[in-house]
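Peer 1: This is the content of start.txt (compact mmCIF, C-alpha atoms and all ligand atoms):
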```
# COMPACT_ATOMS: atom_id res chain seq x y z
CA MET T 173 -46.84 105.99 -34.93
CA ALA T 174 -45.15 103.09 -33.19
CA GLU T 175 -46.75 101.45 -30.15
CA LYS T 176 -44.03 101.64 -27.52
CA GLY T 177 -43.20 98.11 -26.38
CA LEU T 178 -45.57 96.78 -29.09
CA GLU T 179 -48.41 97.14 -26.59
CA GLY T 180 -51.64 95.69 -27.93
CA ILE T 181 -50.06 94.72 -31.28
CA ILE T 182 -51.18 91.35 -32.67
CA ALA T 183 -47.91 89.90 -33.98
CA ALA T 184 -48.83 86.26 -34.64
CA THR T 185 -51.67 83.84 -35.08
CA SER T 186 -51.56 81.07 -32.51
CA SER T 187 -53.75 78.30 -31.16
CA ILE T 188 -51.60 77.49 -28.13
CA CYS T 189 -52.60 79.89 -25.39
CA SER T 190 -55.16 82.65 -24.87
CA VAL T 191 -55.00 85.42 -22.28
CA ASP T 192 -58.04 87.52 -21.41
CA GLY T 193 -56.49 90.37 -19.49
CA LEU T 194 -59.80 91.98 -18.57
CA GLU T 195 -61.50 88.85 -17.25
CA GLY T 196 -58.30 87.37 -15.81
CA LYS T 197 -58.70 84.17 -17.77
CA LEU T 198 -55.89 82.05 -19.19
CA THR T 199 -56.34 78.92 -21.28
CA TYR T 200 -53.96 76.44 -22.87
CA ARG T 201 -55.53 75.29 -26.12
CA GLY T 202 -58.96 76.19 -24.81
CA ILE T 203 -58.74 74.56 -21.37
CA ASP T 204 -58.82 76.87 -18.37
CA ILE T 205 -55.50 76.96 -16.54
CA ARG T 206 -57.30 76.44 -13.24
CA ILE T 207 -58.69 73.12 -14.44
CA LEU T 208 -55.27 72.04 -15.69
CA ALA T 209 -53.63 73.05 -12.41
CA GLU T 210 -56.20 71.04 -10.51
CA LYS T 211 -56.42 67.92 -12.64
CA SER T 212 -53.42 67.63 -14.94
CA THR T 213 -49.70 66.95 -14.71
CA PHE T 214 -46.80 68.81 -16.28
CA GLU T 215 -46.04 65.93 -18.66
CA GLU T 216 -49.64 65.90 -19.86
CA VAL T 217 -49.57 69.68 -20.40
CA VAL T 218 -46.31 69.37 -22.35
CA TYR T 219 -47.90 66.84 -24.67
CA PHE T 220 -50.99 69.02 -25.02
CA LEU T 221 -48.95 72.13 -25.87
CA TRP T 222 -46.81 70.32 -28.45
CA HIS T 223 -49.43 68.17 -30.14
CA GLY T 224 -52.64 70.15 -29.75
CA GLN T 225 -54.62 67.38 -28.12
CA MET T 226 -54.61 65.67 -24.76
CA PRO T 227 -52.61 62.42 -24.80
CA THR T 228 -54.11 58.98 -24.42
CA ARG T 229 -52.60 56.92 -21.60
CA ALA T 230 -50.26 55.22 -24.10
CA GLN T 231 -49.14 58.57 -25.60
CA LEU T 232 -48.52 60.03 -22.15
CA ASP T 233 -46.52 56.98 -21.10
CA GLU T 234 -44.46 57.23 -24.26
CA LEU T 235 -43.68 60.91 -23.70
CA SER T 236 -42.85 60.30 -20.03
CA SER T 237 -40.45 57.51 -21.01
CA GLN T 238 -38.89 59.68 -23.71
CA LEU T 239 -38.30 62.51 -21.23
CA LYS T 240 -36.81 60.13 -18.67
CA ALA T 241 -34.50 58.66 -21.30
CA CYS T 242 -33.12 62.09 -22.25
CA ARG T 243 -32.36 63.51 -18.79
CA GLU T 244 -28.61 62.83 -18.71
CA LEU T 245 -26.28 65.53 -20.03
CA PRO T 246 -23.55 64.82 -22.59
CA ALA T 247 -20.25 64.34 -20.70
CA PRO T 248 -18.60 67.49 -22.15
CA VAL T 249 -21.52 69.63 -20.95
CA LEU T 250 -21.27 68.19 -17.44
CA ALA T 251 -17.50 68.77 -17.55
CA ALA T 252 -18.10 72.38 -18.59
CA LEU T 253 -20.50 72.90 -15.68
CA ARG T 254 -17.72 71.72 -13.38
CA ALA T 255 -15.30 74.21 -14.92
CA TRP T 256 -17.49 77.30 -14.91
CA PRO T 257 -17.26 79.83 -12.04
CA LYS T 258 -19.31 78.76 -9.02
CA THR T 259 -20.33 82.39 -8.60
CA ALA T 260 -21.91 82.56 -12.07
CA ASN T 261 -25.52 83.64 -12.42
CA PRO T 262 -27.50 80.38 -12.89
CA MET T 263 -29.40 81.93 -15.81
CA ASP T 264 -26.10 82.66 -17.58
CA VAL T 265 -25.05 79.07 -16.90
CA LEU T 266 -28.33 77.75 -18.27
CA ARG T 267 -28.14 79.91 -21.39
CA THR T 268 -24.56 78.83 -22.08
CA ALA T 269 -25.16 75.15 -21.32
CA VAL T 270 -28.20 75.02 -23.62
CA SER T 271 -26.14 76.60 -26.38
CA MET T 272 -23.44 73.99 -25.76
CA LEU T 273 -25.98 71.14 -25.89
CA SER T 274 -26.60 71.99 -29.54
CA LEU T 275 -23.04 70.89 -30.36
CA TYR T 276 -23.81 67.36 -29.19
CA ASP T 277 -27.24 66.94 -30.79
CA LYS T 278 -27.24 65.30 -34.19
CA ASP T 279 -30.67 66.87 -34.85
CA GLY T 280 -29.26 70.29 -33.89
CA ALA T 281 -29.78 72.28 -37.11
CA ASP T 282 -32.71 70.26 -38.48
CA THR T 283 -35.90 72.35 -38.43
CA SER T 284 -38.27 69.56 -39.56
CA ARG T 285 -41.25 68.91 -37.27
CA GLU T 286 -39.89 65.44 -36.36
CA ALA T 287 -36.39 66.67 -35.45
CA SER T 288 -37.71 69.78 -33.69
CA THR T 289 -40.05 67.66 -31.55
CA ARG T 290 -37.15 65.38 -30.56
CA ILE T 291 -35.05 68.42 -29.65
CA ALA T 292 -37.96 69.85 -27.66
CA ALA T 293 -38.11 66.62 -25.63
CA ARG T 294 -34.35 66.63 -25.02
CA LEU T 295 -34.37 70.26 -23.88
CA THR T 296 -37.38 69.74 -21.62
CA ALA T 297 -35.63 66.75 -20.04
CA GLN T 298 -32.13 68.26 -19.80
CA ILE T 299 -32.79 71.80 -18.57
CA PRO T 300 -33.73 70.57 -15.05
CA THR T 301 -30.55 68.47 -15.00
CA ILE T 302 -28.43 71.52 -15.87
CA VAL T 303 -30.03 73.66 -13.15
CA ALA T 304 -29.73 70.98 -10.48
CA ALA T 305 -26.19 69.92 -11.43
CA PHE T 306 -24.86 73.49 -11.41
CA HIS T 307 -26.46 74.19 -8.05
CA ARG T 308 -24.90 71.10 -6.51
CA LEU T 309 -21.49 71.83 -8.00
CA ARG T 310 -21.48 75.40 -6.71
CA SER T 311 -22.50 74.03 -3.29
CA GLY T 312 -19.50 71.69 -3.29
CA LEU T 313 -21.65 68.59 -3.95
CA GLU T 314 -21.57 66.02 -6.72
CA PRO T 315 -24.39 66.19 -9.28
CA LEU T 316 -26.89 63.37 -8.90
CA ALA T 317 -27.92 61.06 -11.70
CA PRO T 318 -31.59 61.46 -12.66
CA ASP T 319 -33.89 58.89 -11.05
CA PRO T 320 -36.02 57.13 -13.69
CA SER T 321 -38.54 56.06 -11.07
CA LEU T 322 -39.47 59.71 -10.51
CA ARG T 323 -41.68 61.93 -12.63
CA HIS T 324 -40.46 65.24 -14.01
CA ALA T 325 -41.26 67.48 -11.03
CA ALA T 326 -40.08 65.03 -8.37
CA ASN T 327 -36.90 64.16 -10.26
CA PHE T 328 -35.83 67.81 -10.40
CA LEU T 329 -36.37 68.31 -6.66
CA TYR T 330 -34.48 65.08 -6.01
CA MET T 331 -31.54 66.05 -8.26
CA LEU T 332 -31.41 69.45 -6.54
CA THR T 333 -31.67 68.43 -2.89
CA GLY T 334 -30.65 64.77 -2.87
CA GLU T 335 -33.94 63.84 -1.20
CA LYS T 336 -37.06 62.46 -2.76
CA PRO T 337 -39.75 65.11 -2.22
CA SER T 338 -42.86 64.52 -0.16
CA PRO T 339 -46.06 63.97 -2.18
CA THR T 340 -47.13 67.51 -1.22
CA ALA T 341 -43.87 69.11 -2.40
CA GLU T 342 -44.01 67.10 -5.63
CA ARG T 343 -47.61 68.13 -6.34
CA VAL T 344 -46.97 71.79 -5.48
CA PHE T 345 -43.97 71.89 -7.80
CA ASP T 346 -45.87 70.10 -10.55
CA ILE T 347 -48.65 72.72 -10.31
CA CYS T 348 -46.04 75.50 -10.48
CA LEU T 349 -44.68 73.92 -13.68
CA ILE T 350 -48.18 73.74 -15.16
CA LEU T 351 -48.93 77.37 -14.28
CA HIS T 352 -45.69 78.64 -15.86
CA ALA T 353 -45.81 76.48 -19.00
CA ASP T 354 -47.03 79.04 -21.49
CA HIS T 355 -48.28 82.59 -21.75
CA GLU T 356 -48.97 83.58 -25.33
CA LEU T 357 -46.55 86.12 -26.83
CA ASN T 358 -44.64 87.06 -23.69
CA ALA T 359 -41.22 88.58 -24.35
CA SER T 360 -39.17 85.37 -24.22
CA THR T 361 -41.59 83.41 -26.40
CA PHE T 362 -41.62 86.25 -28.90
CA ALA T 363 -37.80 86.24 -28.92
CA ALA T 364 -37.84 82.50 -29.62
CA ARG T 365 -40.31 82.89 -32.49
CA VAL T 366 -38.37 85.78 -34.04
CA THR T 367 -35.18 83.72 -33.92
CA VAL T 368 -36.53 80.56 -35.52
CA ALA T 369 -38.51 82.56 -38.10
CA THR T 370 -35.14 83.23 -39.78
CA LEU T 371 -34.92 79.41 -40.10
CA SER T 372 -32.23 79.37 -37.49
CA ASP T 373 -32.48 76.26 -35.28
CA MET T 374 -34.46 75.48 -32.15
CA TYR T 375 -31.42 75.73 -29.86
CA SER T 376 -30.80 79.30 -31.03
CA GLY T 377 -34.45 80.14 -30.36
CA ILE T 378 -34.25 78.74 -26.84
CA VAL T 379 -30.95 80.50 -26.10
CA ALA T 380 -32.63 83.78 -27.14
CA ALA T 381 -35.63 82.95 -24.96
CA ILE T 382 -33.52 82.15 -21.88
CA GLY T 383 -31.59 85.41 -22.29
CA THR T 384 -34.88 87.28 -22.57
CA LEU T 385 -36.49 85.55 -19.59
CA LYS T 386 -33.57 86.58 -17.38
CA GLY T 387 -34.51 90.26 -17.26
CA PRO T 388 -36.17 91.59 -14.07
CA LEU T 389 -39.12 92.97 -16.03
CA HIS T 390 -39.89 89.39 -17.11
CA GLY T 391 -38.93 86.08 -15.46
CA GLY T 392 -36.15 87.62 -13.39
CA ALA T 393 -38.86 89.26 -11.26
CA ASN T 394 -39.40 86.12 -9.13
CA THR T 395 -35.82 86.24 -7.85
CA ALA T 396 -36.16 90.00 -7.30
CA VAL T 397 -39.36 89.45 -5.27
CA MET T 398 -37.66 87.06 -2.85
CA ASN T 399 -34.58 89.24 -2.55
CA MET T 400 -36.88 92.16 -1.71
CA LEU T 401 -38.77 90.17 0.94
CA LEU T 402 -35.52 88.90 2.45
CA LYS T 403 -34.11 92.44 2.53
CA ILE T 404 -37.25 93.81 4.21
CA GLY T 405 -37.11 90.85 6.60
CA ASP T 406 -40.02 91.73 8.90
CA LEU T 407 -43.78 92.15 8.54
CA ASN T 408 -43.68 95.48 10.39
CA LYS T 409 -41.22 96.92 7.88
CA VAL T 410 -43.15 96.00 4.75
CA GLU T 411 -45.32 99.10 4.50
CA GLY T 412 -42.46 101.56 5.00
CA ALA T 413 -40.16 99.70 2.61
CA ILE T 414 -42.73 99.51 -0.20
CA LYS T 415 -43.69 103.17 0.21
CA GLU T 416 -40.03 104.16 0.16
CA MET T 417 -39.42 102.17 -3.04
CA LEU T 418 -42.39 103.81 -4.70
CA ALA T 419 -41.32 107.27 -3.52
CA ASN T 420 -37.92 106.57 -5.12
CA LYS T 421 -39.71 105.64 -8.37
CA GLN T 422 -38.59 102.03 -8.06
CA ARG T 423 -40.68 99.20 -9.51
CA ILE T 424 -42.02 96.70 -7.02
CA PRO T 425 -41.08 93.29 -8.43
CA GLY T 426 -43.98 90.91 -8.92
CA PHE T 427 -46.60 93.62 -9.53
CA GLY T 428 -48.16 94.90 -12.72
CA HIS T 429 -48.61 93.23 -16.05
CA ARG T 430 -48.78 94.32 -19.66
CA VAL T 431 -51.91 92.27 -20.37
CA TYR T 432 -53.76 91.64 -17.08
CA LYS T 433 -55.81 94.55 -15.84
CA THR T 434 -57.24 92.38 -13.08
CA TRP T 435 -56.01 89.35 -11.12
CA ASP T 436 -53.65 87.08 -13.01
CA PRO T 437 -55.33 83.69 -12.37
CA ARG T 438 -51.92 82.09 -11.87
CA ALA T 439 -51.05 84.58 -9.12
CA MET T 440 -54.34 83.81 -7.39
CA TRP T 441 -53.58 80.09 -7.48
CA LEU T 442 -50.02 80.58 -6.23
CA ARG T 443 -51.23 82.80 -3.40
CA GLN T 444 -53.43 79.96 -2.22
CA ILE T 445 -50.54 77.49 -2.42
CA ALA T 446 -48.29 79.91 -0.52
CA GLU T 447 -50.88 80.13 2.24
CA GLU T 448 -51.36 76.35 2.42
CA LEU T 449 -47.60 75.72 2.47
CA GLY T 450 -47.17 78.32 5.19
CA LYS T 451 -49.89 76.73 7.33
CA SER T 452 -48.64 73.19 6.80
CA THR T 453 -45.10 74.11 7.82
CA GLY T 454 -46.14 76.45 10.64
CA ASN T 455 -44.23 79.34 9.07
CA MET T 456 -46.46 82.08 7.71
CA LYS T 457 -43.76 84.75 7.64
CA TRP T 458 -43.29 85.06 3.87
CA TYR T 459 -46.98 84.69 3.15
CA THR T 460 -48.06 87.39 5.61
CA MET T 461 -45.31 89.72 4.40
CA SER T 462 -46.45 89.12 0.82
CA ARG T 463 -50.08 89.82 1.71
CA LYS T 464 -49.02 93.07 3.38
CA ALA T 465 -46.99 94.09 0.32
CA GLU T 466 -50.00 93.29 -1.86
CA GLU T 467 -52.20 95.51 0.32
CA VAL T 468 -49.76 98.44 0.27
CA VAL T 469 -49.11 98.25 -3.49
CA TRP T 470 -52.86 98.20 -4.10
CA GLN T 471 -53.39 101.24 -1.84
CA GLU T 472 -50.58 103.20 -3.44
CA LYS T 473 -50.66 102.15 -7.11
CA GLN T 474 -53.71 99.90 -7.71
CA LEU T 475 -51.49 97.19 -9.19
CA TYR T 476 -52.24 93.47 -8.95
CA PRO T 477 -49.58 90.85 -8.20
CA ASN T 478 -48.39 88.82 -11.20
CA LEU T 479 -47.35 85.17 -11.17
CA ASP T 480 -43.81 86.01 -10.09
CA PHE T 481 -45.00 87.48 -6.80
CA TYR T 482 -46.36 84.44 -4.99
CA SER T 483 -44.24 81.87 -6.84
CA ALA T 484 -41.30 83.42 -4.99
CA SER T 485 -42.48 82.49 -1.51
CA VAL T 486 -43.73 79.10 -2.74
CA TYR T 487 -40.29 78.17 -4.13
CA TYR T 488 -38.58 79.52 -1.03
CA LYS T 489 -40.81 77.35 1.17
CA LEU T 490 -39.76 74.37 -0.95
CA GLY T 491 -36.17 75.12 0.09
CA ILE T 492 -35.05 76.51 -3.27
CA PRO T 493 -32.54 79.41 -3.26
CA PRO T 494 -33.82 82.65 -4.86
CA ASP T 495 -31.37 82.78 -7.75
CA LEU T 496 -32.77 79.46 -9.02
CA PHE T 497 -36.32 80.80 -9.29
CA THR T 498 -35.83 82.15 -12.81
CA PRO T 499 -34.11 78.97 -14.07
CA ILE T 500 -37.10 77.09 -12.63
CA PHE T 501 -39.35 79.33 -14.70
CA ALA T 502 -37.33 78.12 -17.71
CA ILE T 503 -37.73 74.47 -16.60
CA SER T 504 -41.44 74.97 -17.14
CA ARG T 505 -41.55 77.53 -19.96
CA ILE T 506 -39.37 75.37 -22.22
CA SER T 507 -42.63 73.55 -22.96
CA GLY T 508 -44.33 76.72 -24.21
CA TRP T 509 -41.26 78.06 -26.01
CA THR T 510 -40.86 74.82 -27.94
CA ALA T 511 -44.61 74.61 -28.70
CA HIS T 512 -44.43 78.12 -30.17
CA ILE T 513 -41.33 77.25 -32.17
CA LEU T 514 -43.11 74.19 -33.61
CA GLU T 515 -46.10 76.38 -34.46
CA GLN T 516 -43.91 79.07 -36.03
CA LEU T 517 -42.02 76.56 -38.17
CA ALA T 518 -45.24 74.91 -39.34
CA ASP T 519 -46.33 78.12 -41.08
CA ASN T 520 -43.26 80.29 -41.15
CA ARG T 521 -42.66 83.75 -42.42
CA LEU T 522 -39.70 85.95 -41.48
CA ILE T 523 -40.66 88.30 -38.62
CA ARG T 524 -39.39 91.67 -39.68
CA PRO T 525 -41.34 94.71 -38.46
CA ARG T 526 -40.53 98.31 -39.29
CA ALA T 527 -39.37 101.21 -37.12
CA ASP T 528 -40.83 104.68 -37.16
CA TYR T 529 -37.70 106.68 -38.05
CA VAL T 530 -37.54 109.90 -36.02
CA GLY T 531 -33.84 110.76 -36.47
CA PRO T 532 -32.33 113.60 -38.51
CA ILE T 533 -32.56 113.61 -42.31
CA ASP T 534 -30.39 114.92 -45.16
CA GLN T 535 -27.31 115.36 -42.96
CA PRO T 536 -23.95 116.33 -44.50
CA TYR T 537 -20.92 114.03 -44.07
CA VAL T 538 -18.33 116.04 -42.08
CA PRO T 539 -14.68 114.89 -42.47
CA ILE T 540 -13.26 113.62 -39.16
CA GLU T 541 -10.71 116.49 -38.86
CA GLN T 542 -13.52 119.03 -38.93
CA ARG T 543 -15.79 117.39 -36.31
CA THR T 544 -16.11 119.41 -33.15
CA ASN T 545 -18.31 117.17 -30.94
N1 LIG T 601 -44.13 98.92 -9.46
C1 LIG T 601 -44.39 100.23 -9.51
N2 LIG T 601 -44.99 100.84 -10.53
C2 LIG T 601 -45.34 100.04 -11.57
C3 LIG T 601 -45.10 98.67 -11.59
C4 LIG T 601 -44.47 98.11 -10.47
N3 LIG T 601 -44.22 96.82 -10.41
N4 LIG T 601 -45.57 98.17 -12.74
C5 LIG T 601 -46.07 99.18 -13.43
N5 LIG T 601 -45.94 100.32 -12.72
C6 LIG T 601 -46.39 101.63 -13.11
C7 LIG T 601 -45.37 102.35 -13.96
O1 LIG T 601 -44.45 103.08 -13.20
C8 LIG T 601 -46.25 103.23 -14.78
O2 LIG T 601 -46.68 104.32 -13.97
P1 LIG T 601 -46.70 105.79 -14.54
O3 LIG T 601 -47.68 105.74 -15.69
O4 LIG T 601 -47.13 106.58 -13.37
O5 LIG T 601 -45.31 106.05 -14.99
C9 LIG T 601 -47.48 102.37 -15.02
O6 LIG T 601 -47.54 101.48 -13.92
C10 LIG T 601 -47.42 101.58 -16.32
O7 LIG T 601 -46.18 100.89 -16.38
P2 LIG T 601 -45.51 100.39 -17.73
O8 LIG T 601 -44.06 100.17 -17.49
O9 LIG T 601 -45.88 101.27 -18.87
O10 LIG T 601 -46.25 99.02 -17.94
P3 LIG T 601 -45.75 97.87 -18.85
O11 LIG T 601 -46.94 97.18 -19.37
O12 LIG T 601 -44.76 98.35 -19.84
O13 LIG T 601 -44.93 96.95 -17.83
C11 LIG T 601 -44.28 95.26 -16.38
C12 LIG T 601 -45.32 95.71 -17.40
C13 LIG T 601 -42.89 95.29 -17.02
C14 LIG T 601 -44.60 93.84 -15.96
C15 LIG T 601 -44.32 96.19 -15.17
O14 LIG T 601 -45.57 96.10 -14.54
C16 LIG T 601 -43.20 95.92 -14.18
O15 LIG T 601 -42.11 96.47 -14.34
N6 LIG T 601 -43.44 95.07 -13.15
C17 LIG T 601 -42.41 94.70 -12.23
C18 LIG T 601 -41.56 93.58 -12.81
C19 LIG T 601 -42.34 92.28 -12.86
O16 LIG T 601 -42.99 91.88 -11.92
N7 LIG T 601 -42.22 91.60 -13.98
C20 LIG T 601 -42.87 90.28 -14.18
C21 LIG T 601 -43.99 90.38 -15.17
S1 LIG T 601 -44.84 88.85 -15.33
C22 LIG T 601 -43.76 87.87 -16.18
O17 LIG T 601 -43.02 88.31 -16.98
C23 LIG T 601 -43.77 86.50 -15.88
```
Could you write out this file's structure as structure tokens?
Ligand code: ACO

Peer 2:
Amino acid sequence: MAEKGLEGIIAATSSICSVDGLEGKLTYRGIDIRILAEKSTFEEVVYFLWHGQMPTRAQLDELSSQLKACRELPAPVLAALRAWPKTANPMDVLRTAVSMLSLYDKDGADTSREASTRIAARLTAQIPTIVAAFHRLRSGLEPLAPDPSLRHAANFLYMLTGEKPSPTAERVFDICLILHADHELNASTFAARVTVATLSDMYSGIVAAIGTLKGPLHGGANTAVMNMLLKIGDLNKVEGAIKEMLANKQRIPGFGHRVYKTWDPRAMWLRQIAEELGKSTGNMKWYTMSRKAEEVVWQEKQLYPNLDFYSASVYYKLGIPPDLFTPIFAISRISGWTAHILEQLADNRLIRPRADYVGPIDQPYVPIEQRTN
């Protein structure tokens, strides 16, 4: 008997990330995510995920310099971004642009550890540039060159808005990147591992992952959360709107999780950030609406919020438009995807499960003229 959706199936051995869905505990290589969110930086986490140990100061500086050096896009990719429809879904743009990047990378089809690590650095550096450049172009603005004086999180916010972020905005965004960096065999990471396990290249694995992340049951939920809150629009309407959605058998975006049967620790952290951002800006609207939605969903369905729920109002408070929330997820998750690809390639075997065949058997072949259906 097949497990629908592969629920509970152990499909790989990994030492990158562990999720305890009963205790609500998440670790990257054995370190609690809450400690990393509090003390680390995205660049440090990237190094940790790729190399399996925390960097020394010199190793961290080297990675930071490497990422800064790779931020620019090849001219044909930037030209393509200019040519693509301004109305395009930013996730479709990202998926297509990443695929195009492979054409201009001399390491493109090389699956050695050395080449794959270089590609991982380029993708980690260039994905934010793609997202920011497309957003500016569709807004009628010129893309901005990356600023080498800025770290990863701050540079993205700068390339997006044209303004250097405040220390608070930079730190909040950096924490968001840390919290989204990896999550074991989530759907997009699994897609990436399946793809490279055929000994296809890293770009193909990441294109598969981006396409998988887009769906509203996965990373696309953060955009759906904000669109839902914007549509509801008022604290007093939250209860009625949520109850109506549930009565119509609709899923409430940002709630429920395949693995967590308690609080997702990332959601807890993001809820706190959402509250602090609301207080510091004197606008608690999205936070209070979110808390009300949380209360109603708990009453009606006993579901906990997942990380996409509170990340939505955090990004919105940072001035980011909702359809960029899922690309921002990719800006972070590229670190985990590439770590998993490196791990898969280090000890590869084709991933090829079986299906439980339940269709008809021993059927006759009926000539086309005689078919009546
Ligand atoms: N709203 C309403 N009901 C829900 C929700 C939800 N968000 N999530 C689960 N349920 C209900 C289902 O209707 C089902 O109820 P039933 O047994 O009465 O039919 C029950 O909970 C179990 O749901 P499944 O779909 O079997 O759970 P599964 O583990 O397959 O799904 C998923 C997990 C996809 C995350 C689901 O909870 C969901 O659709 N959530 C909304 C989308 C979302 O937030 N996705 C982001 C996930 S986190 C991430 O990817 C980063």

Peer 1: One decimal, Å: what's the distance from CA of Ala305 in chain T over to CA of Val344 in chain T, could you say?

Peer 2: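 It comes out at 21.7 Å.
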
Peer 1: How would you report the residues lying within 6 Å of ligand LIG 601 (chain T), as an NGL selection string, if you count only C-alpha atoms and all ligand atoms?

Peer 2: :T and (388-391 or 393 or 423-430 or 478 or 480)

Peer 1: Using all atoms listed in the file, list the residues that have an atom at most 12 Å from (-51.6, 80.2, 4.3), coordinates as in the file, as a PDB file with C-alpha atoms, in the coordinates of the input.

Peer 2:
```pdb
ATOM      1  CA  TRP T 441     -53.580  80.090  -7.480  1.00  0.00           C
ATOM      2  CA  LEU T 442     -50.020  80.580  -6.230  1.00  0.00           C
ATOM      3  CA  ARG T 443     -51.230  82.800  -3.400  1.00  0.00           C
ATOM      4  CA  GLN T 444     -53.430  79.960  -2.220  1.00  0.00           C
ATOM      5  CA  ILE T 445     -50.540  77.490  -2.420  1.00  0.00           C
ATOM      6  CA  ALA T 446     -48.290  79.910  -0.520  1.00  0.00           C
ATOM      7  CA  GLU T 447     -50.880  80.130   2.240  1.00  0.00           C
ATOM      8  CA  GLU T 448     -51.360  76.350   2.420  1.00  0.00           C
ATOM      9  CA  LEU T 449     -47.600  75.720   2.470  1.00  0.00           C
ATOM     10  CA  GLY T 450     -47.170  78.320   5.190  1.00  0.00           C
ATOM     11  CA  LYS T 451     -49.890  76.730   7.330  1.00  0.00           C
ATOM     12  CA  SER T 452     -48.640  73.190   6.800  1.00  0.00           C
ATOM     13  CA  THR T 453     -45.100  74.110   7.820  1.00  0.00           C
ATOM     14  CA  GLY T 454     -46.140  76.450  10.640  1.00  0.00           C
ATOM     15  CA  ASN T 455     -44.230  79.340   9.070  1.00  0.00           C
ATOM     16  CA  MET T 456     -46.460  82.080   7.710  1.00  0.00           C
ATOM     17  CA  LYS T 457     -43.760  84.750   7.640  1.00  0.00           C
ATOM     18  CA  TRP T 458     -43.290  85.060   3.870  1.00  0.00           C
ATOM     19  CA  TYR T 459     -46.980  84.690   3.150  1.00  0.00           C
ATOM     20  CA  THR T 460     -48.060  87.390   5.610  1.00  0.00           C
ATOM     21  CA  MET T 461     -45.310  89.720   4.400  1.00  0.00           C
ATOM     22  CA  SER T 462     -46.450  89.120   0.820  1.00  0.00           C
ATOM     23  CA  ARG T 463     -50.080  89.820   1.710  1.00  0.00           C
ATOM     24  CA  TYR T 482     -46.360  84.440  -4.990  1.00  0.00           C
ATOM     25  CA  SER T 485     -42.480  82.490  -1.510  1.00  0.00           C
ATOM     26  CA  VAL T 486     -43.730  79.100  -2.740  1.00  0.00           C
ATOM     27  CA  LYS T 489     -40.810  77.350   1.170  1.00  0.00           C
TER      28      LYS T 489
END
```

Peer 1: I'd like the contact shell of Ile513 in chain T - 7 Å cut-off, only C-alpha atoms, skipping same-chain residues fewer than 4 positions apart - returned as number ranges by chain.

Peer 2: T: 364-365, 368, 509, 517

Peer 1: With all atoms listed in the file as the basis for distance, which of T:Leu194, T:Val366, T:Ala484, T:Ala341 is at the shortest distance from Leu402 in chain T?

Peer 2: T:Ala484

Peer 1: Please complete range 199-210 of chain T with N, CA and C atoms and give it back as a PDB file, keeping the file's coordinate frame.

Peer 2:
```
ATOM      1  N   THR T 199     -56.101  80.304 -20.857  1.00  0.00           N
ATOM      2  CA  THR T 199     -56.340  78.920 -21.280  1.00  0.00           C
ATOM      3  C   THR T 199     -55.141  78.418 -22.080  1.00  0.00           C
ATOM      4  N   TYR T 200     -54.886  77.123 -21.957  1.00  0.00           N
ATOM      5  CA  TYR T 200     -53.960  76.440 -22.870  1.00  0.00           C
ATOM      6  C   TYR T 200     -54.839  75.649 -23.829  1.00  0.00           C
ATOM      7  N   ARG T 201     -54.758  75.974 -25.077  1.00  0.00           N
ATOM      8  CA  ARG T 201     -55.530  75.290 -26.120  1.00  0.00           C
ATOM      9  C   ARG T 201     -56.991  75.106 -25.702  1.00  0.00           C
ATOM     10  N   GLY T 202     -57.538  76.161 -25.119  1.00  0.00           N
ATOM     11  CA  GLY T 202     -58.960  76.190 -24.810  1.00  0.00           C
ATOM     12  C   GLY T 202     -59.342  75.662 -23.436  1.00  0.00           C
ATOM     13  N   ILE T 203     -58.406  75.069 -22.715  1.00  0.00           N
ATOM     14  CA  ILE T 203     -58.740  74.560 -21.370  1.00  0.00           C
ATOM     15  C   ILE T 203     -58.253  75.558 -20.321  1.00  0.00           C
ATOM     16  N   ASP T 204     -59.146  75.906 -19.415  1.00  0.00           N
ATOM     17  CA  ASP T 204     -58.820  76.870 -18.370  1.00  0.00           C
ATOM     18  C   ASP T 204     -57.634  76.387 -17.535  1.00  0.00           C
ATOM     19  N   ILE T 205     -56.705  77.310 -17.289  1.00  0.00           N
ATOM     20  CA  ILE T 205     -55.500  76.960 -16.540  1.00  0.00           C
ATOM     21  C   ILE T 205     -55.822  76.416 -15.153  1.00  0.00           C
ATOM     22  N   ARG T 206     -56.950  76.891 -14.591  1.00  0.00           N
ATOM     23  CA  ARG T 206     -57.300  76.440 -13.240  1.00  0.00           C
ATOM     24  C   ARG T 206     -57.688  74.965 -13.251  1.00  0.00           C
ATOM     25  N   ILE T 207     -58.324  74.543 -14.337  1.00  0.00           N
ATOM     26  CA  ILE T 207     -58.690  73.120 -14.440  1.00  0.00           C
ATOM     27  C   ILE T 207     -57.423  72.282 -14.630  1.00  0.00           C
ATOM     28  N   LEU T 208     -56.514  72.792 -15.469  1.00  0.00           N
ATOM     29  CA  LEU T 208     -55.270  72.040 -15.690  1.00  0.00           C
ATOM     30  C   LEU T 208     -54.458  71.958 -14.407  1.00  0.00           C
ATOM     31  N   ALA T 209     -54.393  73.066 -13.662  1.00  0.00           N
ATOM     32  CA  ALA T 209     -53.630  73.050 -12.410  1.00  0.00           C
ATOM     33  C   ALA T 209     -54.228  72.043 -11.426  1.00  0.00           C
ATOM     34  N   GLU T 210     -55.534  71.924 -11.459  1.00  0.00           N
ATOM     35  CA  GLU T 210     -56.200  71.040 -10.510  1.00  0.00           C
ATOM     36  C   GLU T 210     -56.092  69.579 -10.920  1.00  0.00           C
TER      37      GLU T 210
END
```
